[in-house]
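Listing of query_25.tsv; format and content: TSV, C-alpha atoms.
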chain	number	residue	atom	x	y	z
A	9	MET	CA	33.45	152.83	73.31
A	10	ASN	CA	32.27	150.24	70.81
A	11	PHE	CA	33.40	146.62	71.06
A	12	ALA	CA	33.56	143.73	68.60
A	13	ILE	CA	33.67	140.35	70.31
A	14	VAL	CA	34.92	137.19	68.62
A	15	VAL	CA	34.13	133.74	70.01
A	16	HIS	CA	36.08	130.69	68.90
A	17	GLY	CA	34.88	128.09	71.39
A	18	ALA	CA	31.81	125.88	71.59
A	19	PRO	CA	29.69	125.79	74.75
A	20	TYR	CA	31.07	123.28	77.27
A	21	SER	CA	33.99	122.17	75.08
A	22	SER	CA	35.66	125.45	75.94
A	23	GLU	CA	35.20	128.17	78.50
A	24	ALA	CA	35.60	130.79	75.78
A	25	CYS	CA	31.88	130.84	75.04
A	26	LEU	CA	31.01	131.61	78.67
A	27	SER	CA	33.84	134.10	79.21
A	28	ALA	CA	32.81	136.02	76.10
A	29	LEU	CA	29.23	136.26	77.38
A	30	LYS	CA	30.39	137.60	80.74
A	31	PHE	CA	32.55	140.14	78.94
A	32	ALA	CA	29.71	141.13	76.63
A	33	LYS	CA	27.39	141.70	79.60
A	34	ALA	CA	30.05	143.76	81.35
A	35	VAL	CA	30.51	145.87	78.21
A	36	LEU	CA	26.86	146.90	78.25
A	37	ALA	CA	26.75	147.27	82.04
A	38	SER	CA	29.70	149.66	81.78
A	39	GLY	CA	27.75	151.85	79.38
A	40	HIS	CA	29.67	150.85	76.27
A	41	SER	CA	28.22	149.36	73.10
A	42	ILE	CA	28.73	146.19	71.10
A	43	ASN	CA	29.22	146.36	67.34
A	44	ARG	CA	28.50	142.67	66.91
A	45	VAL	CA	29.52	139.30	68.29
A	46	PHE	CA	31.10	137.01	65.68
A	47	PHE	CA	31.19	133.29	66.28
A	48	TYR	CA	33.96	131.48	64.37
A	49	HIS	CA	35.60	128.05	64.40
A	50	ASP	CA	33.78	125.87	66.95
A	51	GLY	CA	32.15	128.98	68.39
A	52	VAL	CA	29.35	128.50	65.86
A	53	HIS	CA	28.08	125.56	67.93
A	54	THR	CA	26.70	128.23	70.29
A	55	ALA	CA	24.10	128.89	67.60
A	56	ASN	CA	22.71	125.34	67.65
A	57	ASN	CA	19.09	125.31	68.79
A	58	GLN	CA	19.26	121.60	69.67
A	59	ILE	CA	21.43	122.09	72.76
A	60	ALA	CA	19.69	120.63	75.85
A	61	PRO	CA	22.07	120.70	78.81
A	62	PRO	CA	21.26	119.12	82.19
A	63	GLN	CA	19.21	121.43	84.39
A	64	ASP	CA	22.05	121.96	86.84
A	65	GLU	CA	24.43	123.18	84.11
A	66	ALA	CA	24.62	126.71	82.74
A	67	PRO	CA	22.53	126.95	79.55
A	68	VAL	CA	25.19	129.02	77.77
A	69	SER	CA	23.65	128.90	74.30
A	70	GLU	CA	20.28	129.97	75.68
A	71	GLN	CA	21.94	132.74	77.68
A	72	TRP	CA	23.58	134.05	74.50
A	73	GLN	CA	20.19	133.97	72.73
A	74	GLU	CA	18.56	135.94	75.56
A	75	PHE	CA	21.46	138.40	75.59
A	76	GLY	CA	21.35	138.98	71.86
A	77	VAL	CA	17.60	139.30	71.58
A	78	GLY	CA	17.15	141.21	74.82
A	79	ASN	CA	19.78	143.82	73.96
A	80	ASN	CA	19.34	143.90	70.19
A	81	ILE	CA	22.92	142.76	69.62
A	82	GLU	CA	23.91	141.08	66.34
A	83	LEU	CA	25.09	137.52	66.96
A	84	ILE	CA	26.68	136.34	63.72
A	85	ALA	CA	27.76	132.75	63.09
A	86	CYS	CA	30.25	132.42	60.22
A	87	ILE	CA	28.65	130.57	57.32
A	88	ALA	CA	31.74	128.56	56.35
A	89	SER	CA	32.31	127.43	59.94
A	90	CYS	CA	28.59	126.65	60.28
A	91	LEU	CA	28.43	124.49	57.18
A	92	ARG	CA	31.45	122.47	58.30
A	93	ARG	CA	29.87	121.89	61.70
A	94	GLY	CA	26.25	121.32	60.75
A	95	ILE	CA	24.68	124.56	61.95
A	96	LEU	CA	22.15	125.49	59.31
A	97	ASP	CA	19.41	128.04	58.84
A	98	GLU	CA	16.47	127.17	56.59
A	99	THR	CA	18.13	128.60	53.49
A	100	GLU	CA	21.29	126.55	53.91
A	101	ALA	CA	19.35	123.42	54.93
A	102	ASP	CA	17.35	123.70	51.67
A	103	ARG	CA	20.44	124.49	49.62
A	104	TYR	CA	22.30	121.43	50.85
A	105	GLU	CA	19.17	119.26	51.06
A	106	LYS	CA	19.62	118.56	54.73
A	107	SER	CA	16.84	117.17	56.92
A	108	GLY	CA	16.35	120.30	58.97
A	109	SER	CA	17.63	123.64	60.15
A	110	ASN	CA	18.91	124.20	63.67
A	111	LEU	CA	19.90	127.84	63.92
A	112	ALA	CA	18.95	129.25	67.33
A	113	PRO	CA	16.84	132.40	67.61
A	114	GLY	CA	18.85	135.56	67.86
A	115	PHE	CA	21.64	134.25	65.63
A	116	THR	CA	22.24	134.99	61.96
A	117	ILE	CA	24.47	133.04	59.59
A	118	SER	CA	26.69	135.33	57.56
A	119	GLY	CA	30.14	135.69	56.02
A	120	LEU	CA	33.62	136.50	57.26
A	121	GLY	CA	33.12	140.00	55.94
A	122	GLN	CA	31.05	140.66	59.07
A	123	LEU	CA	34.07	139.84	61.24
A	124	ILE	CA	36.31	142.15	59.25
A	125	ASP	CA	33.70	144.92	59.14
A	126	ALA	CA	33.25	144.74	62.91
A	127	SER	CA	37.01	144.66	63.47
A	128	ILE	CA	37.50	147.77	61.35
A	129	ASN	CA	34.60	149.79	62.75
A	130	ALA	CA	34.66	148.90	66.43
A	131	ASP	CA	37.00	150.73	68.78
A	132	ARG	CA	38.23	147.49	70.30
A	133	VAL	CA	38.17	143.83	69.24
A	134	VAL	CA	38.41	141.16	71.92
A	135	THR	CA	38.81	137.50	70.95
A	136	PHE	CA	37.90	134.60	73.19
A	137	GLY	CA	39.93	131.72	71.77
A	138	VAL	CA	40.36	128.06	72.49
B	24	MET	CA	49.63	150.31	76.07
B	25	ILE	CA	48.46	146.90	74.89
B	26	LEU	CA	46.20	144.64	76.90
B	27	HIS	CA	47.17	140.97	76.57
B	28	THR	CA	44.82	138.19	77.63
B	29	ILE	CA	46.11	134.68	78.34
B	30	ASN	CA	43.71	131.77	78.77
B	31	LYS	CA	46.05	128.83	79.23
B	32	VAL	CA	49.49	128.26	80.72
B	33	SER	CA	51.03	127.13	77.43
B	34	ALA	CA	50.05	130.39	75.75
B	35	LEU	CA	52.60	132.30	77.83
B	36	GLY	CA	55.32	130.95	75.56
B	37	LEU	CA	53.68	132.70	72.61
B	38	CYS	CA	53.65	136.14	74.11
B	39	SER	CA	56.13	136.55	76.95
B	40	ASP	CA	58.65	138.28	74.63
B	41	LEU	CA	55.94	140.58	73.30
B	42	ILE	CA	54.76	142.04	76.59
B	43	ALA	CA	56.24	145.52	76.90
B	44	GLU	CA	56.89	147.30	80.18
B	45	ASP	CA	53.76	149.40	80.12
B	46	ASP	CA	51.48	146.66	78.78
B	47	LYS	CA	48.89	144.97	80.96
B	48	VAL	CA	48.11	141.25	81.21
B	49	ILE	CA	44.85	139.57	82.17
B	50	LEU	CA	44.74	135.88	83.02
B	51	LEU	CA	41.42	134.18	82.45
B	52	GLU	CA	40.07	130.63	82.25
B	53	ASP	CA	42.92	128.12	82.66
B	54	GLY	CA	45.37	131.00	82.27
B	55	VAL	CA	44.83	131.86	85.94
B	56	TYR	CA	47.14	128.96	86.83
B	57	LEU	CA	49.98	131.25	85.69
B	58	GLY	CA	49.24	133.19	88.85
B	59	LEU	CA	50.91	130.38	90.77
B	60	GLN	CA	54.24	131.37	89.20
B	61	SER	CA	56.34	134.43	89.68
B	62	LEU	CA	56.13	136.37	86.40
B	63	PRO	CA	58.27	139.28	85.24
B	64	PHE	CA	55.23	141.53	84.85
B	65	PRO	CA	52.22	142.45	86.97
B	66	ILE	CA	49.08	140.44	86.25
B	67	PHE	CA	45.36	140.69	86.65
B	68	ALA	CA	43.33	137.50	87.02
B	69	ILE	CA	39.60	137.02	86.59
B	70	ARG	CA	38.26	136.36	90.07
B	71	GLN	CA	35.50	133.97	88.97
B	72	ASP	CA	38.06	131.76	87.23
B	73	VAL	CA	40.41	131.89	90.25
B	74	ASP	CA	37.57	130.97	92.64
B	75	ALA	CA	36.29	128.18	90.39
B	76	ARG	CA	39.72	126.59	90.52
B	77	GLY	CA	40.24	127.02	94.27
B	78	LEU	CA	43.27	129.23	93.75
B	79	GLY	CA	42.25	132.18	95.90
B	80	ASP	CA	44.90	131.67	98.60
B	81	ARG	CA	47.51	130.21	96.35
B	82	LEU	CA	48.31	132.96	93.85
B	83	THR	CA	51.40	135.15	94.05
B	84	GLU	CA	51.05	138.59	95.60
B	85	GLN	CA	51.61	140.24	92.21
B	86	THR	CA	48.28	138.82	90.99
B	87	GLU	CA	45.45	141.31	91.29
B	88	LEU	CA	41.97	139.77	91.16
B	89	ILE	CA	39.48	141.58	88.97
B	90	ASP	CA	36.00	141.11	87.62
B	91	TYR	CA	34.75	141.56	84.07
B	92	SER	CA	33.93	145.25	84.53
B	93	VAL	CA	37.63	145.91	85.15
B	94	PHE	CA	38.48	143.74	82.12
B	95	VAL	CA	36.21	146.02	80.06
B	96	HIS	CA	37.80	149.13	81.58
B	97	LEU	CA	41.33	147.88	80.86
B	98	SER	CA	40.28	147.04	77.28
B	99	SER	CA	39.04	150.57	76.72
B	100	GLU	CA	42.17	152.12	78.27
B	101	ALA	CA	44.47	150.04	76.08
B	102	ASP	CA	45.28	150.90	72.47
B	103	LYS	CA	44.30	147.38	71.47
B	104	VAL	CA	43.72	143.92	72.89
B	105	CYS	CA	45.84	140.89	71.96
B	106	SER	CA	44.41	137.50	72.94
B	107	TRP	CA	46.76	134.56	73.45
B	108	PHE	CA	45.38	131.03	73.54
C	2	MET	CA	40.45	152.79	57.96
C	3	SER	CA	41.65	150.49	60.73
C	4	THR	CA	44.53	148.22	59.82
C	5	ILE	CA	44.54	144.65	61.10
C	6	LEU	CA	47.39	142.39	62.17
C	7	PHE	CA	46.53	138.70	62.03
C	8	VAL	CA	48.52	136.55	64.45
C	9	PHE	CA	48.64	132.85	63.66
C	10	SER	CA	49.82	130.51	66.42
C	11	ARG	CA	48.35	127.13	65.43
C	12	PRO	CA	50.02	124.41	63.38
C	13	PRO	CA	48.24	123.30	60.21
C	14	HIS	CA	46.10	120.19	59.74
C	15	GLY	CA	45.70	119.18	63.39
C	16	SER	CA	42.54	121.23	63.36
C	17	ILE	CA	40.74	123.39	60.81
C	18	ASN	CA	41.64	126.49	62.81
C	19	ALA	CA	44.78	127.38	60.85
C	20	GLN	CA	42.90	127.11	57.55
C	21	GLU	CA	40.02	129.21	58.86
C	22	GLY	CA	42.57	131.78	60.05
C	23	LEU	CA	43.93	132.08	56.52
C	24	ASP	CA	40.37	132.48	55.19
C	25	ALA	CA	39.90	135.39	57.59
C	26	LEU	CA	43.19	136.99	56.51
C	27	LEU	CA	42.26	136.76	52.83
C	28	MET	CA	38.86	138.29	53.56
C	29	GLY	CA	40.48	141.00	55.67
C	30	SER	CA	42.86	141.97	52.89
C	31	ALA	CA	39.86	142.63	50.63
C	32	PHE	CA	38.66	145.30	53.07
C	33	THR	CA	41.70	146.99	54.53
C	34	THR	CA	45.45	146.94	55.03
C	35	CYS	CA	46.39	143.67	56.73
C	36	SER	CA	49.59	142.02	57.82
C	37	VAL	CA	50.27	138.62	59.31
C	38	LEU	CA	52.60	137.41	62.05
C	39	PHE	CA	53.31	133.71	62.58
C	40	VAL	CA	54.33	132.72	66.10
C	41	GLY	CA	54.92	129.47	67.96
C	42	ASP	CA	53.73	126.40	66.09
C	43	GLY	CA	51.95	128.75	63.69
C	44	LEU	CA	55.28	128.96	61.84
C	45	MET	CA	54.67	125.40	60.66
C	46	GLN	CA	51.79	126.62	58.48
C	47	LEU	CA	54.50	127.98	56.17
C	48	ALA	CA	56.56	124.79	55.90
C	49	SER	CA	57.30	123.88	52.31
C	50	GLY	CA	56.57	120.41	50.99
C	51	GLN	CA	53.20	119.91	52.67
C	52	SER	CA	51.30	117.11	50.92
C	53	THR	CA	47.81	116.17	52.02
C	54	ASP	CA	46.87	113.85	49.14
C	55	ASP	CA	47.05	110.68	51.21
C	56	LEU	CA	45.52	112.34	54.27
C	57	GLY	CA	42.63	113.40	52.06
C	58	THR	CA	42.35	116.91	53.44
C	59	LYS	CA	42.76	120.28	51.79
C	60	ASN	CA	46.30	121.56	51.34
C	61	PHE	CA	45.43	125.12	52.23
C	62	SER	CA	49.14	126.04	52.45
C	63	LEU	CA	48.92	126.68	48.70
C	64	GLY	CA	46.87	129.75	49.62
C	65	PHE	CA	49.89	131.47	51.19
C	66	GLY	CA	51.28	132.02	47.71
C	67	ALA	CA	48.41	134.46	47.11
C	68	LEU	CA	49.04	136.70	50.11
C	69	LYS	CA	51.07	139.26	48.16
C	70	ASP	CA	48.50	139.31	45.35
C	71	TYR	CA	45.79	139.93	47.94
C	72	GLY	CA	47.77	142.91	49.14
C	73	VAL	CA	48.86	141.59	52.52
C	74	THR	CA	51.41	144.18	53.49
C	75	ARG	CA	53.83	142.43	55.80
C	76	ILE	CA	54.33	138.70	56.26
C	77	ALA	CA	56.44	138.06	59.31
C	78	CYS	CA	57.40	135.35	61.75
C	79	SER	CA	58.98	135.18	65.17
C	80	LYS	CA	62.74	134.77	64.85
C	81	PRO	CA	63.13	133.20	68.31
C	82	ASP	CA	60.43	130.66	67.50
C	83	LEU	CA	62.07	129.95	64.12
C	84	VAL	CA	65.42	129.30	65.79
C	85	ALA	CA	63.85	127.23	68.57
C	86	ARG	CA	62.44	124.88	65.94
C	87	GLY	CA	65.75	124.53	64.12
C	88	LEU	CA	64.25	126.16	61.04
C	89	ASN	CA	65.31	128.94	58.75
C	90	LYS	CA	63.48	130.96	56.13
C	91	ASP	CA	64.51	128.49	53.40
C	92	ASP	CA	62.12	126.01	54.98
C	93	PHE	CA	59.18	128.20	54.08
C	94	LEU	CA	56.85	128.29	51.08
C	95	ILE	CA	56.99	132.06	50.76
C	96	GLU	CA	59.27	134.93	51.64
C	97	VAL	CA	58.83	135.90	55.28
C	98	GLU	CA	60.48	138.56	57.44
C	99	SER	CA	61.81	137.12	60.67
C	100	LEU	CA	61.46	139.50	63.58
C	101	ASN	CA	62.95	139.65	67.02
C	102	ALA	CA	60.84	140.67	70.00
C	103	ALA	CA	61.26	144.40	69.36
C	104	GLY	CA	60.30	143.95	65.72
C	105	MET	CA	57.19	141.97	66.64
C	106	GLN	CA	56.19	144.56	69.25
C	107	ALA	CA	56.59	147.29	66.64
C	108	LEU	CA	54.48	145.30	64.15
C	109	ILE	CA	51.71	144.98	66.73
C	110	HIS	CA	51.93	148.70	67.50
C	111	ASP	CA	51.81	149.59	63.81
C	112	HIS	CA	48.34	148.08	63.37
C	113	ASP	CA	45.08	149.32	64.84
C	114	LYS	CA	43.56	145.94	65.64
C	115	VAL	CA	44.87	142.42	66.27
C	116	LEU	CA	42.99	139.25	65.36
C	117	ASN	CA	44.48	136.14	66.91
C	118	PHE	CA	43.91	132.70	65.41
Before anything else, please render the file you have as structure tokens.
Amino acid sequence: MNFAIVVHGAPYSSEACLSALKFAKAVLASGHSINRVFFYHDGVHTANNQIAPPQDEAPVSEQWQEFGVGNNIELIACIASCLRRGILDETEADRYEKSGSNLAPGFTISGLGQLIDASINADRVVTFGV
Amino acid sequence: MILHTINKVSALGLCSDLIAEDDKVILLEDGVYLGLQSLPFPIFAIRQDVDARGLGDRLTEQTELIDYSVFVHLSSEADKVCSWF
Amino acid sequence: MSTILFVFSRPPHGSINAQEGLDALLMGSAFTTCSVLFVGDGLMQLASGQSTDDLGTKNFSLGFGALKDYGVTRIACSKPDLVARGLNKDDFLIEVESLNAAGMQALIHDHDKVLNF
């Protein structure tokens, strides 16, 4: 079975980000596949490479990066949500003449079409909301 | 069969009328506090969220503790998943 | 192709979430058959007479007028939630079906996927 996972919550501000990661890991451990993970609303903050949590706190953003890269899973951060919240790749940083880009490795900024495409093509969609 | 997930107590008001007899309900995150109440349907609750909140001995008998692998299994058994938050 | 039911439960303006939900619905309707169900405080997204000029934010409620043009199949709301708020369909910007619990359950069953916002 193929899953699309949608994440609405930012690390720490909401448990959604962590719950979604646990679910995603369990999907693969159960022998299923992941179509893509789509980060929307404040969920896009997960894709910020400037997150530096205290050492005794779960590095959720880093864990998502490792999960995505290690398992070759698409982690998509919605471009409109990203722009509103200051998560930029180099292209968008140049376009809007911002001082720098901060998109974490393993994440790609893309459009809402990716959410809809995943929702249509996956067998199941599971949303982790706020 | 639809799988409903509820992540906060206030979200119950959104979906309680929509939970059919053969549907299944998973409580996660702050939604596990609903396990303190008697509900008109059987519920699963994510064990890690129950333990984090010290609720292990306090939930009603109708609450079955599960881990994420069971959440995945229930998702695949259901026709679709509806998330309430 | 999978059909999608969008379920909107957030009021407008208190956060960007309701507006971003509408963006997703409009995108969805470009791909496949979509419907929308408003529940709880989500019903307030449809309230007529919203004016954000002084607040200085976007009045995205104007976008609901385009749902039919975008091909959104069914536009529905929870009748119990409508009644609980002392509202009726005349309070809304657009024509909306009001559904009881059985109607909402059927709407959910009639679509392949549900996206909650």
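Reported to one decimal place, the separation of CA of Val73 (chain C) from CA of Leu37 (chain B) is 22.5 Å.
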Could you make a table, as a Markdown table, of the residues of chain B that have an atom within 8 Å of an atom of chain C, each with its nearest atom pair and distance in Å to one decimal, counting only C-alpha atoms, in chain and number order?
| residue | atom | partner | partner_atom | distance |
| --- | --- | --- | --- | --- |
| B:Gly36 | CA | C:Gly41 | CA | 7.8 |
| B:Leu37 | CA | C:Gly41 | CA | 5.8 |
| B:Asp40 | CA | C:Ala102 | CA | 5.7 |
| B:Leu41 | CA | C:Gln106 | CA | 5.7 |
| B:Ile42 | CA | C:Gln106 | CA | 7.9 |
| B:Ala43 | CA | C:Gln106 | CA | 7.7 |
| B:Asp102 | CA | C:Asp113 | CA | 7.8 |
| B:Lys103 | CA | C:Lys114 | CA | 6.1 |
| B:Val104 | CA | C:Val115 | CA | 6.9 |
| B:Cys105 | CA | C:Val115 | CA | 6.0 |
| B:Ser106 | CA | C:Asn117 | CA | 6.2 |
| B:Trp107 | CA | C:Asn117 | CA | 7.1 |
Starting from chain A, keep only residues with some atom at most 7 Å from an atom of chain B, counting all atoms listed in the file, and report them as a PDB file with C-alpha atoms, in the coordinates of the input.
ATOM      1  CA  MET A   9      33.450 152.830  73.310  1.00  0.00           C
ATOM      2  CA  GLU A  23      35.200 128.170  78.500  1.00  0.00           C
ATOM      3  CA  LYS A  30      30.390 137.600  80.740  1.00  0.00           C
ATOM      4  CA  PHE A  31      32.550 140.140  78.940  1.00  0.00           C
ATOM      5  CA  ALA A  34      30.050 143.760  81.350  1.00  0.00           C
ATOM      6  CA  VAL A  35      30.510 145.870  78.210  1.00  0.00           C
ATOM      7  CA  SER A  38      29.700 149.660  81.780  1.00  0.00           C
ATOM      8  CA  ARG A 132      38.230 147.490  70.300  1.00  0.00           C
ATOM      9  CA  VAL A 133      38.170 143.830  69.240  1.00  0.00           C
ATOM     10  CA  VAL A 134      38.410 141.160  71.920  1.00  0.00           C
ATOM     11  CA  THR A 135      38.810 137.500  70.950  1.00  0.00           C
ATOM     12  CA  GLY A 137      39.930 131.720  71.770  1.00  0.00           C
ATOM     13  CA  VAL A 138      40.360 128.060  72.490  1.00  0.00           C
TER      14      VAL A 138
END
*Within 10 Å of chain C, which residues of chain A show up when using all atoms listed in the file, listed as number ranges by chain?*
A: 14, 16, 48-50, 88-89, 92, 119-125, 127-138
*asked:* Applying 10 Å and all atoms listed in the file, which residues near Ala60 (chain A) remain after dropping the ones on its own chain fewer than 5 positions away? List them as a PyMOL selection string.
replied: chain A and resi 65+67+69-70
_Give me the residues near region 50-63 of chain C as a PyMOL selection string, where near means some atom within 12 Å (using all atoms listed in the file) and where sequence neighbours in that chain fewer than 2 positions away do not count._
chain C and resi 12-24+43-48+65-68+91-95
_Using Å and a single decimal, report how far CA of Arg75 (chain C) sits from CA of Phe39 (chain C)._
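We find that CA of Phe39 (chain C) and CA of Arg75 (chain C) lie 11.1 Å from each other.
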*Would you mind listing what lies within 10 Å of Asp45 (chain B) as a ChimeraX atom specification, with only C-alpha atoms counted and same-chain residues fewer than 5 positions away left out?*
/B:24-26,64-65
Show me, as lines of an AutoDock Vina configuration file, the centre and edge lengths in Å to one decimal of the axis-aligned box that covers every listed atom of region 15-27 of chain C with 6 Å on each side.
center_x = 42.8
center_y = 128.1
center_z = 58.1
size_x = 17.8
size_y = 29.8
size_z = 22.6
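Among B:Leu62, B:Val73, B:Val48, B:Cys38, the residue with the shortest atom-to-atom distance to Leu97 (chain B), counting only C-alpha atoms, is B:Val48.
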Expected file for region 46-75 of chain A keeping C-alpha atoms, as a compact mmCIF listing (two decimals), in the first residue's frame:
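Listed below is the output, part.txt:
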# COMPACT_ATOMS: atom_id res chain seq x y z
CA PHE A 46 3.81 17.21 1.84
CA PHE A 47 4.45 19.95 4.35
CA TYR A 48 1.77 22.66 4.40
CA HIS A 49 0.77 25.56 6.65
CA ASP A 50 3.31 25.82 9.49
CA GLY A 51 4.58 22.35 8.61
CA VAL A 52 6.99 24.02 6.19
CA HIS A 53 9.06 25.21 9.17
CA THR A 54 10.31 21.60 9.33
CA ALA A 55 12.31 22.43 6.21
CA ASN A 56 14.27 25.26 7.85
CA ASN A 57 17.98 24.44 7.98
CA GLN A 58 18.59 27.01 10.73
CA ILE A 59 16.88 24.98 13.47
CA ALA A 60 19.30 24.34 16.37
CA PRO A 61 17.43 22.75 19.26
CA PRO A 62 19.02 22.09 22.67
CA GLN A 63 20.96 18.84 22.75
CA ASP A 64 18.49 17.17 25.09
CA GLU A 65 15.54 17.84 22.75
CA ALA A 66 14.53 15.71 19.78
CA PRO A 67 16.03 17.20 16.59
CA VAL A 68 12.81 16.65 14.62
CA SER A 69 13.79 18.62 11.53
CA GLU A 70 17.10 16.78 11.31
CA GLN A 71 15.32 13.46 11.81
CA TRP A 72 13.01 14.26 8.89
CA GLN A 73 16.04 15.14 6.74
CA GLU A 74 17.73 11.83 7.60
CA PHE A 75 14.49 9.94 6.95
